[in-house]
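A quick write-up on the structure given underneath.
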Amino acid sequence: MLTRIDHVGIACKDLDAGIEFYRSAYGFEVAHIEVNEEQGVREAMLRVNGTDDGQATYLQLLEPIREDSPVAKFLARHGEGVHHVAFGTPDVAAETEAIGARGVRVLDPVPRAGSMGSRIAFLHPKDCGGVLTEIVQAAEAGDGHG
Ligand code: CMX
Ligand code: CO
């Protein structure tokens, strides 16, 4: 079961400039910044709603840290903009297996590490109407997110 929108991922050439835009235009503040070496990004999570129970919704600003990373490739082809949509679920492994059984290519059959202790798996955009789609299991409530 997919229960909510966890985040929208946005590809940025310059993370600090992206953060400044969302702060000055809308008043969104950075909840968390981290480098995810496996995904090849430096990323900022801007919390859009205010819950502290692991069910919040975020914007995820993504800056590539390597030229061969998915976000660097996306920026080279498309420029800055919306990169992916992430849906929240209580069980990422079971959910992606079920979605895969419906004929959607699962890029991460074994979930990987996402922001703030979450576990994530991506679905191929060509099987999702052109939308790169991420499934997220938030870290346990009390840890601040997922
Ligand atoms: N959204 C929609 N379509 C996309 C896309 C995106 N983000 N990225 C690539 N595509 C499309 C391309 O436009 C291209 O389509 P055409 O052939 O019609 O031109 C096709 O997919 C292949 O694109 P590519 O540039 O050759 O890219 P790859 O096949 O090498 O990789 C993908 C695409 C989705 C498999 C790869 O980006 C991936 O594995 N992504 C998952 C991991 C990721 O994105 N990590 C960063 C975010 C981390 C996080 O959220 O924590
Ligand atoms: Co994401």
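Following the order of the structure tokens, chains are lettered A, B, ..., residues in each are numbered from 1, and ligands are numbered from 1.
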Open item on the list: If the limit is 8 Å from any atom of ligand 2, counting only C-alpha atoms and all ligand atoms, which residues qualify? Return them as a VMD selection string.
Closed with: chain A and resid 7 to 9 60 84 to 86 114 to 115 120 134
How close does each residue of chain A get to ligand 1, giving the shortest atom pair and distance in Å to one decimal for every residue with an atom at most 8 Å away, counting only C-alpha atoms and all ligand atoms, sorted by chain and residue number, as JSON lines?
```
{"residue": "A:Gly9", "atom": "CA", "partner": "ligand 1", "partner_atom_place_in_ligand_line": "50 (O)", "distance": 6.1}
{"residue": "A:Asn36", "atom": "CA", "partner": "ligand 1", "partner_atom_place_in_ligand_line": "51 (O)", "distance": 7.3}
{"residue": "A:Gln39", "atom": "CA", "partner": "ligand 1", "partner_atom_place_in_ligand_line": "45 (N)", "distance": 4.9}
{"residue": "A:Gly40", "atom": "CA", "partner": "ligand 1", "partner_atom_place_in_ligand_line": "46 (C)", "distance": 6.9}
{"residue": "A:Val41", "atom": "CA", "partner": "ligand 1", "partner_atom_place_in_ligand_line": "46 (C)", "distance": 6.7}
{"residue": "A:Glu43", "atom": "CA", "partner": "ligand 1", "partner_atom_place_in_ligand_line": "51 (O)", "distance": 7.8}
{"residue": "A:Gln60", "atom": "CA", "partner": "ligand 1", "partner_atom_place_in_ligand_line": "50 (O)", "distance": 7.3}
{"residue": "A:Leu62", "atom": "CA", "partner": "ligand 1", "partner_atom_place_in_ligand_line": "47 (C)", "distance": 7.1}
{"residue": "A:Ser69", "atom": "CA", "partner": "ligand 1", "partner_atom_place_in_ligand_line": "46 (C)", "distance": 7.5}
{"residue": "A:Pro70", "atom": "CA", "partner": "ligand 1", "partner_atom_place_in_ligand_line": "37 (O)", "distance": 4.2}
{"residue": "A:Val71", "atom": "CA", "partner": "ligand 1", "partner_atom_place_in_ligand_line": "46 (C)", "distance": 5.7}
{"residue": "A:Lys73", "atom": "CA", "partner": "ligand 1", "partner_atom_place_in_ligand_line": "25 (O)", "distance": 5.7}
{"residue": "A:Phe74", "atom": "CA", "partner": "ligand 1", "partner_atom_place_in_ligand_line": "8 (N)", "distance": 5.6}
{"residue": "A:Arg77", "atom": "CA", "partner": "ligand 1", "partner_atom_place_in_ligand_line": "25 (O)", "distance": 6.9}
{"residue": "A:His78", "atom": "CA", "partner": "ligand 1", "partner_atom_place_in_ligand_line": "13 (O)", "distance": 7.8}
{"residue": "A:Val82", "atom": "CA", "partner": "ligand 1", "partner_atom_place_in_ligand_line": "7 (N)", "distance": 7.6}
{"residue": "A:His83", "atom": "CA", "partner": "ligand 1", "partner_atom_place_in_ligand_line": "7 (N)", "distance": 4.3}
{"residue": "A:His84", "atom": "CA", "partner": "ligand 1", "partner_atom_place_in_ligand_line": "7 (N)", "distance": 5.5}
{"residue": "A:Ala86", "atom": "CA", "partner": "ligand 1", "partner_atom_place_in_ligand_line": "50 (O)", "distance": 7.8}
{"residue": "A:Leu107", "atom": "CA", "partner": "ligand 1", "partner_atom_place_in_ligand_line": "39 (O)", "distance": 6.3}
{"residue": "A:Ala113", "atom": "CA", "partner": "ligand 1", "partner_atom_place_in_ligand_line": "51 (O)", "distance": 7.9}
{"residue": "A:Gly114", "atom": "CA", "partner": "ligand 1", "partner_atom_place_in_ligand_line": "51 (O)", "distance": 5.1}
{"residue": "A:Ser115", "atom": "CA", "partner": "ligand 1", "partner_atom_place_in_ligand_line": "51 (O)", "distance": 6.2}
{"residue": "A:Ile120", "atom": "CA", "partner": "ligand 1", "partner_atom_place_in_ligand_line": "51 (O)", "distance": 7.5}
{"residue": "A:Phe122", "atom": "CA", "partner": "ligand 1", "partner_atom_place_in_ligand_line": "41 (C)", "distance": 5.5}
{"residue": "A:Leu123", "atom": "CA", "partner": "ligand 1", "partner_atom_place_in_ligand_line": "34 (C)", "distance": 7.5}
{"residue": "A:His124", "atom": "CA", "partner": "ligand 1", "partner_atom_place_in_ligand_line": "34 (C)", "distance": 5.4}
{"residue": "A:Pro125", "atom": "CA", "partner": "ligand 1", "partner_atom_place_in_ligand_line": "3 (N)", "distance": 5.1}
{"residue": "A:Lys126", "atom": "CA", "partner": "ligand 1", "partner_atom_place_in_ligand_line": "21 (O)", "distance": 6.4}
{"residue": "A:Gly130", "atom": "CA", "partner": "ligand 1", "partner_atom_place_in_ligand_line": "2 (C)", "distance": 4.9}
{"residue": "A:Val131", "atom": "CA", "partner": "ligand 1", "partner_atom_place_in_ligand_line": "2 (C)", "distance": 4.7}
{"residue": "A:Leu132", "atom": "CA", "partner": "ligand 1", "partner_atom_place_in_ligand_line": "1 (N)", "distance": 4.4}
{"residue": "A:Glu134", "atom": "CA", "partner": "ligand 1", "partner_atom_place_in_ligand_line": "50 (O)", "distance": 7.1}
```
- [ ] Quick one: pick out all strand (DSSP E) residues within stretch 3-44 of chain A from a backbone DSSP run and write them as a PyMOL selection string.
- [x] chain A and resi 4-11+30-36+41-44
Could you save the residues just selected, with N, CA and C atoms, as a compact mmCIF listing (two decimals), in the first residue's frame?
```txt
# COMPACT_ATOMS: atom_id res chain seq x y z
N ARG A 4 1.15 7.84 0.87
CA ARG A 4 1.34 9.30 0.89
C ARG A 4 2.43 9.67 -0.11
N ILE A 5 2.56 10.96 -0.39
CA ILE A 5 3.74 11.45 -1.11
C ILE A 5 4.80 11.76 -0.07
N ASP A 6 5.94 11.08 -0.19
CA ASP A 6 7.05 11.33 0.74
C ASP A 6 7.83 12.57 0.31
N HIS A 7 8.23 12.59 -0.97
CA HIS A 7 8.94 13.78 -1.46
C HIS A 7 8.87 13.86 -2.97
N VAL A 8 9.20 15.04 -3.46
CA VAL A 8 9.43 15.29 -4.88
C VAL A 8 10.91 15.63 -5.01
N GLY A 9 11.62 14.91 -5.87
CA GLY A 9 13.06 15.13 -6.06
C GLY A 9 13.30 16.10 -7.20
N ILE A 10 14.14 17.09 -6.96
CA ILE A 10 14.40 18.16 -7.93
C ILE A 10 15.89 18.25 -8.19
N ALA A 11 16.27 18.14 -9.46
CA ALA A 11 17.69 18.19 -9.84
C ALA A 11 18.15 19.63 -9.90
N VAL A 30 15.63 24.07 5.51
CA VAL A 30 16.31 22.78 5.38
C VAL A 30 16.12 21.97 6.67
N ALA A 31 15.57 20.77 6.53
CA ALA A 31 15.43 19.88 7.69
C ALA A 31 16.67 19.01 7.84
N HIS A 32 17.36 18.76 6.72
CA HIS A 32 18.45 17.78 6.76
C HIS A 32 19.28 17.92 5.47
N ILE A 33 20.61 17.80 5.61
CA ILE A 33 21.48 17.73 4.42
C ILE A 33 22.37 16.52 4.59
N GLU A 34 22.56 15.76 3.51
CA GLU A 34 23.52 14.66 3.58
C GLU A 34 24.08 14.37 2.20
N VAL A 35 25.21 13.65 2.19
CA VAL A 35 25.77 13.12 0.95
C VAL A 35 25.41 11.64 0.91
N ASN A 36 24.82 11.20 -0.21
CA ASN A 36 24.56 9.78 -0.42
C ASN A 36 25.51 9.32 -1.52
N VAL A 41 24.88 11.81 -4.93
CA VAL A 41 24.28 13.14 -4.73
C VAL A 41 24.64 13.74 -3.37
N ARG A 42 24.64 15.09 -3.37
CA ARG A 42 24.50 15.84 -2.13
C ARG A 42 23.07 16.35 -2.14
N GLU A 43 22.36 16.17 -1.06
CA GLU A 43 20.93 16.44 -1.10
C GLU A 43 20.45 17.15 0.16
N ALA A 44 19.44 17.98 -0.05
CA ALA A 44 18.81 18.69 1.06
C ALA A 44 17.34 18.31 1.09
```
Task: In stretch 60-110 of chain A, DSSP alpha helix (DSSP H) residues written as a PyMOL selection string - done: chain A and resi 70-78+92-101
Task: A:Arg47 surroundings by only C-alpha atoms, 7 Å radius, close-in-sequence under 3 positions cut, as an MDAnalysis selection string - done: chainID A and resid 28:31 56:59
Open item on the list: Calculated over only C-alpha atoms, which of the candidates A:Gly54, A:Tyr26, A:Cys12, A:Leu46 has the smallest distance to A:Thr89?
Closed with: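 For A:Thr89, the nearest of the candidates is A:Gly54.
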Task: Non-local contacts of stretch 97-102 of chain A (12 Å; only C-alpha atoms; under 5 positions in same chain excluded) as a ChimeraX atom specification - done: /A:1-2,91-92,107-111,121-124,127-128,133-135
File of the preceding selection, C-alpha atoms, as a short mmCIF file (atom, residue, chain, number, x, y, z; two decimals), in the first residue's frame:
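Just written: again.cif:
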```cif
data_model
loop_
_atom_site.label_atom_id
_atom_site.label_comp_id
_atom_site.auth_asym_id
_atom_site.auth_seq_id
_atom_site.Cartn_x
_atom_site.Cartn_y
_atom_site.Cartn_z
CA MET A 1 0.00 0.00 0.00
CA LEU A 2 1.29 3.43 -0.97
CA ASP A 91 7.00 -1.84 3.75
CA VAL A 92 9.25 -0.99 0.79
CA LEU A 107 15.56 -0.90 -10.45
CA ASP A 108 16.36 -1.86 -6.83
CA PRO A 109 14.98 -5.34 -6.01
CA VAL A 110 16.91 -5.03 -2.74
CA PRO A 111 16.07 -1.62 -1.24
CA ALA A 121 13.69 1.53 -4.30
CA PHE A 122 13.28 3.05 -7.76
CA LEU A 123 10.94 2.02 -10.59
CA HIS A 124 11.89 2.55 -14.24
CA ASP A 127 7.19 1.78 -17.15
CA CYS A 128 5.66 4.67 -15.15
CA THR A 133 9.22 6.79 -9.29
CA GLU A 134 10.71 6.03 -5.87
CA ILE A 135 9.15 3.95 -3.11
#
```
Task: Which of A:Ala138, A:Gly129, A:Thr3, A:Ala17 sits closest to A:Glu80 [using only C-alpha atoms] - done: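 Closest residue, counting only C-alpha atoms: A:Ala17.
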